[in-house]
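Peer 1: Have a look at this one.
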Amino acid sequence: MKRDFPSAEAYASERAHFDALGVVDIQALQREVTAPYRNQVLLDFNGNCMRMAVFEGEYRWHMHPSSDEIFVVVEGELHIEFEAAAERVLRPWQAITVPAGTVHRTRAVGRTVNLTFEQQGAETVFVEPPAGL
(Lines give C-alpha, C1' and ligand atoms only; values in the text may rest on other atoms or scores of the structure.)
Protein backbone atom coordinates (compact mmCIF):
# COMPACT_ATOMS: atom_id res chain seq x y z
CA MET A 1 0.00 0.00 0.00
CA LYS A 2 1.38 3.40 -1.00
CA ARG A 3 1.16 6.02 1.72
CA ASP A 4 1.70 9.74 1.81
CA PHE A 5 4.64 10.00 4.18
CA PRO A 6 6.24 13.33 5.04
CA SER A 7 9.39 14.42 3.25
CA ALA A 8 12.66 14.22 5.17
CA GLU A 9 12.61 18.01 5.45
CA ALA A 10 9.07 18.14 6.83
CA TYR A 11 9.90 15.38 9.31
CA ALA A 12 13.01 17.22 10.54
CA SER A 13 11.39 20.65 10.79
CA GLU A 14 8.46 19.68 12.99
CA ARG A 15 8.54 21.05 16.53
CA ALA A 16 6.63 20.13 19.66
CA HIS A 17 2.88 20.52 19.73
CA PHE A 18 3.00 21.01 23.51
CA ASP A 19 4.93 23.41 25.72
CA ALA A 20 7.15 22.53 28.65
CA LEU A 21 5.26 22.10 31.91
CA GLY A 22 2.10 21.17 30.01
CA VAL A 23 0.57 17.78 30.75
CA VAL A 24 0.28 15.65 27.61
CA ASP A 25 -2.39 12.93 27.61
CA ILE A 26 -0.74 10.48 25.22
CA GLN A 27 -3.50 7.92 25.57
CA ALA A 28 -6.17 10.45 24.58
CA LEU A 29 -4.06 11.74 21.67
CA GLN A 30 -3.52 8.30 20.20
CA ARG A 31 -7.26 7.54 20.42
CA GLU A 32 -7.95 10.65 18.29
CA VAL A 33 -5.85 9.32 15.38
CA THR A 34 -8.01 7.76 12.68
CA ALA A 35 -5.58 7.95 9.74
CA PRO A 36 -3.47 4.88 8.89
CA TYR A 37 -0.32 6.95 9.57
CA ARG A 38 0.32 9.82 11.97
CA ASN A 39 3.70 10.78 13.41
CA GLN A 40 3.95 13.96 15.45
CA VAL A 41 6.40 15.63 17.80
CA LEU A 42 4.77 15.95 21.20
CA LEU A 43 7.62 17.38 23.29
CA ASP A 44 11.05 18.94 22.82
CA PHE A 45 13.75 18.59 25.47
CA ASN A 46 17.51 19.25 25.64
CA GLY A 47 17.85 19.31 21.86
CA ASN A 48 15.84 16.09 21.53
CA CYS A 49 12.21 15.30 20.92
CA MET A 50 9.57 12.74 21.76
CA ARG A 51 7.36 11.67 18.88
CA MET A 52 4.18 9.64 18.91
CA ALA A 53 3.62 7.43 15.89
CA VAL A 54 0.31 5.72 15.24
CA PHE A 55 0.31 3.59 12.13
CA GLU A 56 -0.52 0.40 10.29
CA GLY A 57 1.67 -1.31 7.73
CA GLU A 58 5.26 -0.45 6.93
CA TYR A 59 7.35 2.68 6.83
CA ARG A 60 10.13 3.37 4.31
CA TRP A 61 13.70 2.14 4.62
CA HIS A 62 15.81 4.91 6.10
CA MET A 63 18.50 5.92 8.53
CA HIS A 64 19.40 8.86 10.73
CA PRO A 65 23.12 9.59 10.15
CA SER A 66 23.73 11.46 13.41
CA SER A 67 20.94 10.50 15.80
CA ASP A 68 20.19 7.38 17.77
CA GLU A 69 16.49 6.56 17.91
CA ILE A 70 14.71 4.96 20.86
CA PHE A 71 11.41 3.19 20.24
CA VAL A 72 8.96 2.38 23.06
CA VAL A 73 5.85 0.47 22.00
CA VAL A 74 2.69 1.51 23.82
CA GLU A 75 0.14 -0.55 21.89
CA GLY A 76 0.30 -3.22 19.20
CA GLU A 77 3.31 -4.98 17.74
CA LEU A 78 6.20 -3.23 16.03
CA HIS A 79 8.66 -5.08 13.83
CA ILE A 80 11.93 -3.32 13.08
CA GLU A 81 13.83 -4.71 10.12
CA PHE A 82 17.50 -3.95 9.64
CA GLU A 83 19.83 -3.99 6.67
CA ALA A 84 22.61 -5.68 8.65
CA ALA A 85 20.96 -7.30 11.69
CA ALA A 86 18.12 -9.65 12.59
CA GLU A 87 14.61 -8.24 12.79
CA ARG A 88 13.43 -7.24 16.25
CA VAL A 89 9.82 -7.48 17.46
CA LEU A 90 8.57 -5.11 20.15
CA ARG A 91 5.35 -5.52 22.08
CA PRO A 92 3.74 -3.12 24.57
CA TRP A 93 6.18 -1.57 27.02
CA GLN A 94 9.25 -2.96 25.27
CA ALA A 95 11.96 -0.64 23.95
CA ILE A 96 15.02 -0.65 21.72
CA THR A 97 17.73 1.80 20.68
CA VAL A 98 18.57 1.97 16.98
CA PRO A 99 22.07 3.48 16.71
CA ALA A 100 22.76 6.43 14.40
CA GLY A 101 23.55 5.36 10.84
CA THR A 102 21.64 2.06 11.08
CA VAL A 103 19.49 1.36 8.01
CA HIS A 104 16.07 0.15 9.14
CA ARG A 105 12.34 0.25 8.62
CA THR A 106 9.42 -0.19 10.96
CA ARG A 107 6.42 -2.39 10.26
CA ALA A 108 3.28 -2.37 12.39
CA VAL A 109 1.19 -5.50 12.76
CA GLY A 110 -2.27 -4.00 13.01
CA ARG A 111 -2.63 -0.59 14.59
CA THR A 112 0.51 0.20 16.56
CA VAL A 113 1.37 3.14 18.79
CA ASN A 114 4.95 3.90 19.69
CA LEU A 115 6.91 6.72 21.26
CA THR A 116 10.19 7.63 19.60
CA PHE A 117 12.98 9.69 21.11
CA GLU A 118 15.60 11.28 18.86
CA GLN A 119 17.51 14.50 18.22
CA GLN A 120 15.38 17.50 17.35
CA GLY A 121 15.55 17.99 13.61
CA ALA A 122 17.32 14.65 13.10
CA GLU A 123 18.31 14.18 9.48
CA THR A 124 16.52 11.30 7.77
CA VAL A 125 17.97 9.66 4.69
CA PHE A 126 15.59 7.43 2.75
CA VAL A 127 17.28 4.49 1.03
CA GLU A 128 16.37 1.72 -1.37
CA PRO A 129 15.34 -1.57 0.26
CA PRO A 130 18.32 -3.83 0.92
CA ALA A 131 18.81 -6.62 -1.62
CA GLY A 132 16.76 -9.69 -0.77
CA LEU A 133 14.35 -7.90 1.57
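Starting from 1 in every chain, residues are counted up; chains themselves are A, B, ... following the order of the C-alpha coordinates, and ligands are numbered from 1 as listed.
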Neighbouring residues of A:Leu42 were defined as those with any atom within 8 Å, considering only C-alpha atoms; residues of the same chain fewer than 2 positions away were excluded. Please report them as an MDAnalysis selection string.
Peer 2: chainID A and resid 15:18 24 40 44 49:52
Peer 1: Residues near stretch 80-91 of chain A, anyone? I mean within 9 Å using only C-alpha atoms, not counting same-chain ones fewer than 6 positions away, as a ChimeraX atom specification.
Peer 2: /A:61,71-74,102-108,129-131,133
Peer 1: I want to know what sits within 8 Å of A:Gly101, based on only C-alpha atoms, with residues of the same chain fewer than 3 positions away left out; could you give that as a PDB file with N, CA and C atoms, in the first residue's frame?
Peer 2:
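What landed in out27.pdb:
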ATOM      1  N   MET A  63      17.561   5.845   7.414  1.00  0.00           N
ATOM      2  CA  MET A  63      18.504   5.918   8.527  1.00  0.00           C
ATOM      3  C   MET A  63      18.616   7.363   8.967  1.00  0.00           C
ATOM      4  N   HIS A  64      19.137   7.538  10.174  1.00  0.00           N
ATOM      5  CA  HIS A  64      19.403   8.860  10.729  1.00  0.00           C
ATOM      6  C   HIS A  64      20.912   8.914  10.942  1.00  0.00           C
ATOM      7  N   PRO A  65      21.655   9.629  10.095  1.00  0.00           N
ATOM      8  CA  PRO A  65      23.120   9.592  10.147  1.00  0.00           C
ATOM      9  C   PRO A  65      23.733  10.017  11.477  1.00  0.00           C
ATOM     10  N   SER A  66      23.085  10.947  12.192  1.00  0.00           N
ATOM     11  CA  SER A  66      23.735  11.460  13.405  1.00  0.00           C
ATOM     12  C   SER A  66      22.854  11.392  14.646  1.00  0.00           C
ATOM     13  N   SER A  67      21.809  10.590  14.633  1.00  0.00           N
ATOM     14  CA  SER A  67      20.937  10.496  15.801  1.00  0.00           C
ATOM     15  C   SER A  67      20.545   9.060  16.077  1.00  0.00           C
ATOM     16  N   ASP A  68      20.784   8.633  17.326  1.00  0.00           N
ATOM     17  CA  ASP A  68      20.190   7.379  17.768  1.00  0.00           C
ATOM     18  C   ASP A  68      18.684   7.593  17.818  1.00  0.00           C
TER      19      ASP A  68
END
Peer 1: Quick one: of A:Thr112, A:Asn48, A:His62, A:Val98, who's nearest to A:Phe126, counting only C-alpha atoms?
Peer 2: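 Distance minimum relative to A:Phe126 lands on A:His62.
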Peer 1: Write out as JSON, numbers by chain the set of residues from chain A that DSSP, computed on the backbone, places in alpha helix (DSSP H).
Peer 2: {"A": [8, 9, 10, 11, 12, 13, 26, 27, 28, 29, 30, 31, 32]}
Peer 1: Could you pull out the strand (DSSP E) residues of chain A, going by DSSP on the backbone, and write them as a ChimeraX atom specification?
Peer 2: /A:37-45,48-58,62-63,69-82,88-90,95-98,104-119,125-126
Peer 1: Pick out the residues sitting within 12 Å of A:Asn46, and hand them over as a list in words; count only C-alpha atoms, and ignore anything fewer than 4 positions along from it in its own chain.
Peer 2: Ala20, Met50, Phe117, Glu118, Gln119 and Gln120 of chain A
Peer 1: Create the file for the chosen residues now, containing N, CA, C and O atoms and written as a short mmCIF file (atom, residue, chain, number, x, y, z; two decimals), in the first residue's frame.
Peer 2:
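This is the output file part04.cif:
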data_model
loop_
_atom_site.label_atom_id
_atom_site.label_comp_id
_atom_site.auth_asym_id
_atom_site.auth_seq_id
_atom_site.Cartn_x
_atom_site.Cartn_y
_atom_site.Cartn_z
N ALA A 20 6.62 23.05 27.39
CA ALA A 20 7.15 22.53 28.65
C ALA A 20 6.17 22.86 29.77
O ALA A 20 5.46 23.86 29.72
N MET A 50 10.36 13.95 21.61
CA MET A 50 9.57 12.74 21.76
C MET A 50 8.45 12.80 20.73
O MET A 50 7.69 13.76 20.69
N PHE A 117 12.15 8.62 20.58
CA PHE A 117 12.98 9.69 21.11
C PHE A 117 14.20 9.81 20.22
O PHE A 117 14.87 8.81 19.94
N GLU A 118 14.47 11.04 19.75
CA GLU A 118 15.60 11.28 18.86
C GLU A 118 16.00 12.74 18.94
O GLU A 118 15.32 13.54 19.58
N GLN A 119 17.09 13.10 18.26
CA GLN A 119 17.51 14.50 18.22
C GLN A 119 16.45 15.34 17.52
O GLN A 119 15.86 14.90 16.54
N GLN A 120 16.25 16.54 18.03
CA GLN A 120 15.38 17.50 17.35
C GLN A 120 15.94 17.75 15.96
O GLN A 120 17.14 17.98 15.80
#
Peer 1: Could you check the closest approach to A:Ser13 for each of A:Ala28, A:Leu78, A:Val41, A:Val33 and tell me which residue wins, using only C-alpha atoms?
Peer 2: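 Going through A:Ala28, A:Leu78, A:Val41, A:Val33 one by one, the smallest distance to A:Ser13 is for A:Val41.
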